[in-house]
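Asks: File start.cif below, mmCIF, C-alpha atoms:
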```cif
data_final
#
loop_
_atom_site.label_atom_id
_atom_site.label_comp_id
_atom_site.auth_asym_id
_atom_site.auth_seq_id
_atom_site.Cartn_x
_atom_site.Cartn_y
_atom_site.Cartn_z
CA HIS A 1 0.00 0.00 0.00
CA THR A 2 2.48 2.61 -1.20
CA HIS A 3 2.84 4.92 -4.17
CA TRP A 4 5.92 3.17 -5.52
CA ARG A 5 5.59 2.36 -9.22
CA TYR A 6 7.88 -0.09 -10.99
CA HIS A 7 8.51 0.24 -14.74
CA LEU A 8 10.01 -2.34 -17.10
CA GLN A 9 11.37 -1.17 -20.43
CA LEU A 10 11.43 -3.77 -23.22
CA ILE A 11 13.21 -3.00 -26.51
CA LEU A 12 12.63 -5.21 -29.56
CA GLU A 13 14.36 -5.18 -32.92
CA GLY A 14 12.58 -4.81 -36.22
CA VAL A 15 9.57 -2.87 -37.50
CA PRO A 16 6.66 -2.60 -35.07
CA PRO A 17 3.33 -3.99 -36.33
CA ALA A 18 0.85 -1.38 -37.54
CA LYS A 19 -2.12 -0.87 -35.28
CA PRO A 20 -5.30 -1.77 -37.16
CA LYS A 21 -7.65 1.12 -37.78
CA ARG A 22 -10.69 1.06 -35.57
CA LYS A 23 -13.89 0.11 -37.38
CA VAL A 24 -16.59 2.57 -36.41
CA VAL A 25 -20.26 2.75 -37.31
CA ASP A 26 -21.26 5.74 -39.44
CA ALA A 27 -24.46 6.72 -37.66
CA VAL A 28 -25.98 9.42 -35.45
CA ALA A 29 -26.58 8.56 -31.80
CA GLY A 30 -28.04 10.36 -28.81
CA ILE A 31 -26.66 10.17 -25.29
CA ASP A 32 -28.53 10.92 -22.09
CA ILE A 33 -26.00 11.04 -19.29
CA GLY A 34 -26.62 11.38 -15.59
CA PRO A 35 -24.47 11.54 -12.46
CA SER A 36 -24.02 7.76 -12.41
CA THR A 37 -25.61 6.25 -15.56
CA VAL A 38 -25.52 6.62 -19.31
CA ALA A 39 -28.16 5.83 -21.93
CA ALA A 40 -27.43 5.81 -25.66
CA ALA A 41 -29.60 5.14 -28.70
CA SER A 42 -29.20 5.06 -32.46
CA GLN A 43 -30.61 3.06 -35.34
CA CYS A 44 -27.78 0.56 -34.77
CA GLY A 45 -28.43 -0.22 -31.11
CA VAL A 46 -29.30 0.97 -27.62
CA LEU A 47 -27.40 0.96 -24.34
CA LEU A 48 -28.27 1.59 -20.70
CA GLN A 49 -25.76 0.99 -17.93
CA GLU A 50 -24.03 2.35 -14.86
CA LEU A 51 -20.87 4.37 -15.45
CA GLY A 52 -17.81 2.68 -14.02
CA ALA A 53 -19.65 -0.08 -12.19
CA GLU A 54 -16.29 -1.84 -11.75
CA VAL A 55 -15.21 0.65 -9.06
CA ASN A 56 -18.15 0.00 -6.72
CA SER A 57 -16.22 -2.65 -4.78
CA ILE A 58 -13.31 -0.23 -4.33
CA GLU A 59 -15.67 2.46 -3.06
CA THR A 60 -17.01 0.02 -0.47
CA GLU A 61 -13.48 -0.64 0.78
CA ILE A 62 -12.74 3.11 0.88
CA ALA A 63 -15.85 3.67 3.00
CA ARG A 64 -14.69 0.93 5.40
CA LEU A 65 -11.28 2.61 5.76
CA ASP A 66 -12.97 5.98 6.32
CA ARG A 67 -14.84 4.53 9.28
CA LYS A 68 -11.66 2.97 10.63
CA MET A 69 -9.81 6.30 10.35
CA ASP A 70 -12.64 8.04 12.19
CA ARG A 71 -12.42 5.54 15.06
CA GLN A 72 -8.64 5.95 15.25
CA ARG A 73 -8.94 9.74 15.18
CA ARG A 74 -11.49 9.74 17.98
CA ALA A 75 -9.44 7.33 20.11
CA ASN A 76 -6.38 9.59 19.90
CA ASN A 77 -8.26 12.89 20.34
CA PRO A 78 -11.03 12.38 22.93
CA ASP A 79 -10.80 15.99 24.13
CA ASN A 80 -11.79 17.32 20.69
CA TYR A 81 -15.28 15.76 20.86
CA ASP A 82 -18.27 16.51 23.07
CA SER A 83 -20.50 14.01 24.86
CA LEU A 84 -22.59 13.49 21.71
CA GLY A 85 -19.55 12.66 19.58
CA ARG A 86 -19.49 15.97 17.75
CA ILE A 87 -16.35 18.06 17.22
CA LYS A 88 -16.27 20.79 19.85
CA ARG A 89 -16.67 24.38 18.78
CA LEU A 90 -13.68 26.57 19.57
CA LYS A 91 -13.93 29.75 21.51
CA LYS A 92 -12.19 32.88 20.37
CA GLY A 93 -8.43 32.50 20.72
CA GLU A 94 -8.50 28.70 21.14
CA ARG A 95 -6.62 26.35 18.82
CA ARG A 96 -7.48 22.72 18.16
CA VAL A 97 -4.64 20.18 18.14
CA TRP A 98 -4.96 16.74 16.54
CA HIS A 99 -2.82 13.72 17.41
CA TYR A 100 -2.45 10.83 14.97
CA SER A 101 -1.10 7.35 15.62
CA ASN A 102 1.10 5.26 13.34
CA GLY A 103 -1.89 3.02 12.70
CA TYR A 104 -3.85 6.03 11.45
CA TYR A 105 -1.09 6.92 8.98
CA LYS A 106 -0.98 3.32 7.71
CA THR A 107 -4.75 3.31 7.19
CA ARG A 108 -4.56 6.63 5.35
CA ALA A 109 -1.83 5.24 3.06
CA LYS A 110 -4.05 2.25 2.20
CA ARG A 111 -6.94 4.59 1.37
CA ARG A 112 -4.69 6.75 -0.81
CA THR A 113 -3.68 3.67 -2.78
CA LEU A 114 -7.32 2.73 -3.30
CA TYR A 115 -8.09 6.25 -4.57
CA ALA A 116 -5.31 5.91 -7.16
CA LYS A 117 -6.56 2.45 -8.14
CA ARG A 118 -10.13 3.71 -8.50
CA LYS A 119 -9.02 6.61 -10.68
CA ALA A 120 -7.10 4.34 -13.06
CA LEU A 121 -9.89 1.73 -13.23
CA LEU A 122 -12.55 4.38 -13.85
CA LYS A 123 -10.59 5.86 -16.75
CA GLN A 124 -10.09 2.37 -18.23
CA SER A 125 -13.82 1.64 -17.92
CA HIS A 126 -14.76 4.91 -19.66
CA THR A 127 -12.31 4.22 -22.48
CA MET A 128 -13.71 0.74 -23.08
CA LEU A 129 -17.29 2.08 -23.09
CA ALA A 130 -16.35 4.84 -25.55
CA ASN A 131 -14.79 2.23 -27.88
CA TYR A 132 -17.96 0.13 -27.68
CA LEU A 133 -20.19 3.07 -28.61
CA LEU A 134 -18.02 3.95 -31.59
CA GLU A 135 -17.94 0.37 -32.83
CA HIS A 136 -21.63 -0.46 -32.34
CA LEU A 137 -23.78 2.70 -32.14
CA GLY A 138 -22.26 5.52 -34.19
CA ASN A 139 -19.57 8.17 -34.55
CA LEU A 140 -21.64 11.37 -34.23
CA PHE A 141 -23.16 11.86 -30.78
CA PHE A 142 -25.58 14.47 -29.48
CA VAL A 143 -25.62 15.06 -25.73
CA GLU A 144 -27.24 17.74 -23.61
CA LYS A 145 -24.98 20.18 -21.81
CA MET A 146 -24.88 19.32 -18.13
CA SER A 147 -23.50 21.51 -15.34
CA ILE A 148 -21.48 19.02 -13.31
CA ALA A 149 -20.48 21.68 -10.79
CA GLY A 150 -24.13 22.69 -10.33
CA LEU A 151 -25.24 19.11 -9.68
CA SER A 152 -22.53 18.58 -7.08
CA LYS A 153 -23.44 21.68 -5.03
CA ARG A 154 -25.54 21.39 -1.91
CA SER A 155 -29.17 22.40 -2.20
CA ARG A 156 -30.13 25.81 -0.87
CA LYS A 157 -33.70 24.80 -0.04
CA ASN A 158 -34.64 23.60 3.43
CA LYS A 159 -36.88 20.56 3.06
CA THR A 160 -38.36 18.34 5.73
CA ASN A 161 -39.52 14.75 5.69
CA LYS A 162 -43.33 14.77 5.65
CA LYS A 163 -43.55 11.54 7.67
CA THR A 164 -40.95 12.20 10.38
CA GLY A 165 -40.76 16.00 10.29
CA ARG A 166 -36.95 15.87 10.31
CA PRO A 167 -34.95 18.11 7.97
CA ARG A 168 -33.74 16.41 4.80
CA SER A 169 -30.11 16.35 3.75
CA LYS A 170 -29.01 19.11 1.41
CA ARG A 171 -26.60 16.82 -0.39
CA ARG A 172 -27.29 16.26 -4.07
CA PHE A 173 -25.16 14.32 -6.57
CA GLY A 174 -21.62 15.20 -5.49
CA LYS A 175 -20.69 11.68 -4.36
CA SER A 176 -22.18 10.01 -7.46
CA ILE A 177 -20.28 12.40 -9.73
CA GLN A 178 -17.05 11.71 -7.85
CA ASN A 179 -17.51 7.93 -8.09
CA HIS A 180 -18.62 7.78 -11.75
CA ALA A 181 -17.03 10.86 -13.43
CA PRO A 182 -19.63 11.47 -16.22
CA SER A 183 -17.81 14.54 -17.54
CA GLN A 184 -14.59 12.55 -17.94
CA PHE A 185 -16.46 9.95 -19.99
CA ILE A 186 -17.84 12.59 -22.37
CA ASP A 187 -14.36 14.06 -22.81
CA ILE A 188 -12.87 10.64 -23.61
CA LEU A 189 -15.69 9.89 -26.06
CA ALA A 190 -15.25 13.27 -27.77
CA ARG A 191 -11.50 12.75 -28.18
CA LYS A 192 -11.93 9.26 -29.64
CA ALA A 193 -14.84 10.27 -31.89
CA LYS A 194 -12.82 13.13 -33.43
CA ALA A 195 -9.92 10.75 -34.05
CA CYS A 196 -12.33 8.52 -36.02
CA GLY A 197 -13.82 11.35 -38.06
CA GLY A 198 -16.86 11.88 -35.85
CA ASP A 199 -17.70 14.28 -33.03
CA VAL A 200 -19.63 14.83 -29.81
CA ILE A 201 -21.97 17.81 -30.06
CA ARG A 202 -23.25 19.35 -26.85
CA VAL A 203 -26.68 20.95 -27.27
CA ASP A 204 -28.60 23.32 -25.03
CA PRO A 205 -31.20 21.32 -23.04
CA THR A 206 -33.51 24.29 -22.36
CA PRO A 207 -35.24 24.55 -25.77
CA LEU A 208 -35.17 20.78 -26.38
CA LYS A 209 -36.79 19.57 -23.15
CA ALA A 210 -36.06 15.99 -24.21
CA SER A 211 -37.18 14.57 -20.86
CA GLN A 212 -40.64 16.15 -21.32
CA TYR A 213 -41.28 15.68 -25.04
CA ASP A 214 -43.70 13.09 -26.41
CA HIS A 215 -43.31 12.67 -30.17
CA SER A 216 -46.51 10.64 -30.54
CA ASP A 217 -48.72 13.68 -29.91
CA ASN A 218 -46.07 16.46 -30.13
CA THR A 219 -46.62 17.66 -26.55
CA TYR A 220 -44.48 18.36 -23.49
CA LYS A 221 -45.35 16.78 -20.14
CA LYS A 222 -43.38 17.36 -16.96
CA ALA A 223 -42.49 14.36 -14.82
CA SER A 224 -40.86 14.02 -11.40
CA LEU A 225 -37.23 12.96 -11.22
CA ASN A 226 -38.03 9.63 -9.56
CA GLN A 227 -40.39 8.64 -12.40
CA ARG A 228 -38.12 6.42 -14.49
CA THR A 229 -40.78 4.97 -16.82
CA LYS A 230 -42.53 7.26 -19.27
CA MET A 231 -46.00 6.62 -20.65
CA LEU A 232 -46.46 7.96 -24.18
CA SER A 233 -49.82 9.10 -25.47
CA ASN A 234 -49.94 6.10 -27.82
CA GLY A 235 -49.89 3.77 -24.80
CA ASP A 236 -46.24 2.66 -25.01
CA LYS A 237 -44.08 2.49 -21.89
CA VAL A 238 -40.45 3.49 -22.36
CA GLN A 239 -37.47 3.89 -20.07
CA ARG A 240 -37.09 7.63 -19.55
CA ASP A 241 -33.33 7.94 -20.18
CA LEU A 242 -33.38 5.67 -23.23
CA TYR A 243 -36.24 7.63 -24.75
CA SER A 244 -34.42 10.92 -24.16
CA ALA A 245 -31.35 9.47 -25.90
CA PHE A 246 -33.56 8.41 -28.81
CA LEU A 247 -34.98 11.93 -29.13
CA LEU A 248 -31.46 13.37 -29.16
CA SER A 249 -30.59 11.06 -32.05
CA CYS A 250 -33.45 12.60 -34.06
CA LEU A 251 -32.31 16.23 -34.10
CA ASP A 252 -32.50 18.30 -37.27
CA ALA A 253 -30.04 20.88 -38.60
CA LEU A 254 -31.34 23.52 -36.17
CA ASP A 255 -30.65 21.29 -33.14
CA THR A 256 -34.36 20.80 -32.51
CA ILE A 257 -36.19 17.50 -32.23
CA SER A 258 -37.54 16.41 -35.61
CA ARG A 259 -40.91 14.75 -35.16
CA SER A 260 -40.73 13.23 -38.65
CA LYS A 261 -37.43 11.51 -37.79
CA CYS A 262 -38.89 10.30 -34.51
CA SER A 263 -41.89 8.78 -36.25
CA ALA A 264 -39.70 7.10 -38.88
CA ASN A 265 -37.20 5.63 -36.41
CA TYR A 266 -39.41 4.90 -33.40
CA SER A 267 -40.54 1.38 -34.27
CA LYS A 268 -36.96 0.09 -34.54
CA PHE A 269 -35.97 1.89 -31.36
CA LYS A 270 -38.93 0.43 -29.45
CA TYR A 271 -38.02 -3.08 -30.62
CA MET A 272 -34.41 -2.72 -29.41
CA HIS A 273 -35.60 -0.97 -26.24
CA ASP A 274 -37.88 -3.84 -25.22
CA ILE A 275 -35.15 -6.44 -25.82
CA LEU A 276 -32.66 -4.48 -23.69
CA ILE A 277 -35.09 -3.92 -20.81
CA GLN A 278 -36.02 -7.62 -20.78
CA GLU A 279 -32.34 -8.57 -20.68
CA LEU A 280 -31.60 -6.16 -17.81
CA ARG A 281 -34.57 -7.51 -15.85
CA ARG A 282 -33.34 -11.07 -16.45
CA GLN A 283 -29.92 -10.09 -15.11
CA LYS A 284 -31.49 -8.49 -12.05
CA ALA A 285 -33.53 -11.63 -11.38
CA ALA A 286 -30.25 -13.58 -11.57
CA GLY A 287 -28.71 -11.40 -8.85
CA ALA A 288 -27.26 -8.42 -10.70
CA GLU A 289 -27.54 -5.01 -9.00
CA PHE A 290 -28.47 -1.80 -10.79
CA PRO A 291 -28.84 1.77 -9.53
CA ARG A 292 -32.42 2.73 -8.65
CA CYS A 293 -32.25 5.60 -11.13
CA MET A 294 -32.21 3.07 -14.00
CA GLY A 295 -35.71 1.94 -13.06
CA ILE A 296 -35.05 -1.75 -13.69
#
```
Now, as a test, write the supplied structure out as structure tokens.
Replies:
Amino acid sequence: HTHWRYHLQLILEGVPPAKPKRKVVDAVAGIDIGPSTVAAASQCGVLLQELGAEVNSIETEIARLDRKMDRQRRANNPDNYDSLGRIKRLKKGERRVWHYSNGYYKTRAKRRTLYAKRKALLKQSHTMLANYLLEHLGNLFFVEKMSIAGLSKRSRKNKTNKKTGRPRSKRRFGKSIQNHAPSQFIDILARKAKACGGDVIRVDPTPLKASQYDHSDNTYKKASLNQRTKMLSNGDKVQRDLYSAFLLSCLDALDTISRSKCSANYSKFKYMHDILIQELRRQKAAGAEFPRCMGI
């Protein structure tokens, strides 16, 4: 559990083999990205999954070490906490002193190593996902602009739980963004798409309102954030994020949703959508875990 890195340099004679050119699909795709999940849709396929699900086990271990460090810190600094276990407030002119044991420093070094491991694994996961999208869904992607910094900020509103009357936490999506890095994934996808002759185009979400639009009757209907299944006016049920990604794949030259494209491409999307949702539900029945925001 250290930051030592060992490098081995291997030198071979001769001409290195040429790296084969990546085969990409020439198609337009839409991406609906959230703090922890990504949905993508094109006429070549659909995708709905958690970003960087491979790092969840590392995050669990980091949380365990955080609790251990807290216990060690409290054991070595009992005078800095009150009877309820809270850090004491200092009076004017007072200065708080912390004492740390060798065991605390060892635990902190282990956690630092896990942070570095999580960072590397998350970047690898994003790169593999970007390659998959380019090879199976398309090379031109439309995605709504998302303020990552705004989503990570604490809420300014004071809300209370209607059942218990207790104040609700003001935390929003900061931890999910830290653990899944959606902005990093978009940057990696944009870099790889441009290298393959494509691009990632960020569009303004305000005029589009993709999460509210219903192409079957050309209307806009607001829905709460926890409503993950959308009922269209024609009676079809669709996963909300997948449907938003589909709408983004049907933009016209003015970056507005083209209802004619939606009508022409919807039947194929719905067919692929139903197959994917059935497969995800089968995986969940077999023991797989998915974030609640996916609505599986």
Asks: Decode the PyMOL selection byres ((chain A and resi 40) around 7) for the given file into explicit residues and return them as a list in words.
Replies: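 Output of the PyMOL selection byres ((chain A and resi 40) around 7): Ala29, Gly30, Ile31, Asp32, Val38, Ala39, Ala41, Val46, Leu47, Leu48, Leu242 and Ala245 of chain A.
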Asks: Give me, as a ChimeraX atom specification, all polymer residues having an atom no more than 10 Å from segment 198-205 of chain A, counting all atoms listed in the file and skipping those fewer than 2 positions away in the same chain.
Replies: /A:24-31,134,138-146,186-187,189-196,207-211,248,255-256
Asks: In Å to one decimal, how far is atom CA of Asn131 of chain A from atom CA of Ser42 of chain A?
Replies: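 Going from atom CA of Ser42 of chain A over to atom CA of Asn131 of chain A, I get 15.4 Å.
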Asks: May I ask which of the residues A:Gly287, A:Gly52, A:Gly235, A:Gly45 is the closest one to Lys123 of chain A, counting all atoms listed in the file?
Replies: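 With all atoms listed in the file as the atom set, the closest residue is A:Gly52.
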Asks: Report as a Markdown table: every residue of segment 220-294 of chain A with an atom at most 12 Å from segment 56-59 of chain A, its closest pair of atoms, and their distance in Å to one decimal, counting only C-alpha atoms, with rows sorted by chain and ascending residue number.
Replies:
```
| residue | atom | partner | partner_atom | distance |
| --- | --- | --- | --- | --- |
| A:Glu289 | CA | A:Asn56 | CA | 10.9 |
| A:Phe290 | CA | A:Asn56 | CA | 11.2 |
| A:Pro291 | CA | A:Asn56 | CA | 11.2 |
```
Asks: How would the residues just chosen look if you wrote them out with C-alpha atoms as a tab-separated table (two decimals), in the frame of the given file?
Replies:
```tsv
chain	number	residue	atom	x	y	z
A	289	GLU	CA	-27.54	-5.01	-9.00
A	290	PHE	CA	-28.47	-1.80	-10.79
A	291	PRO	CA	-28.84	1.77	-9.53
```
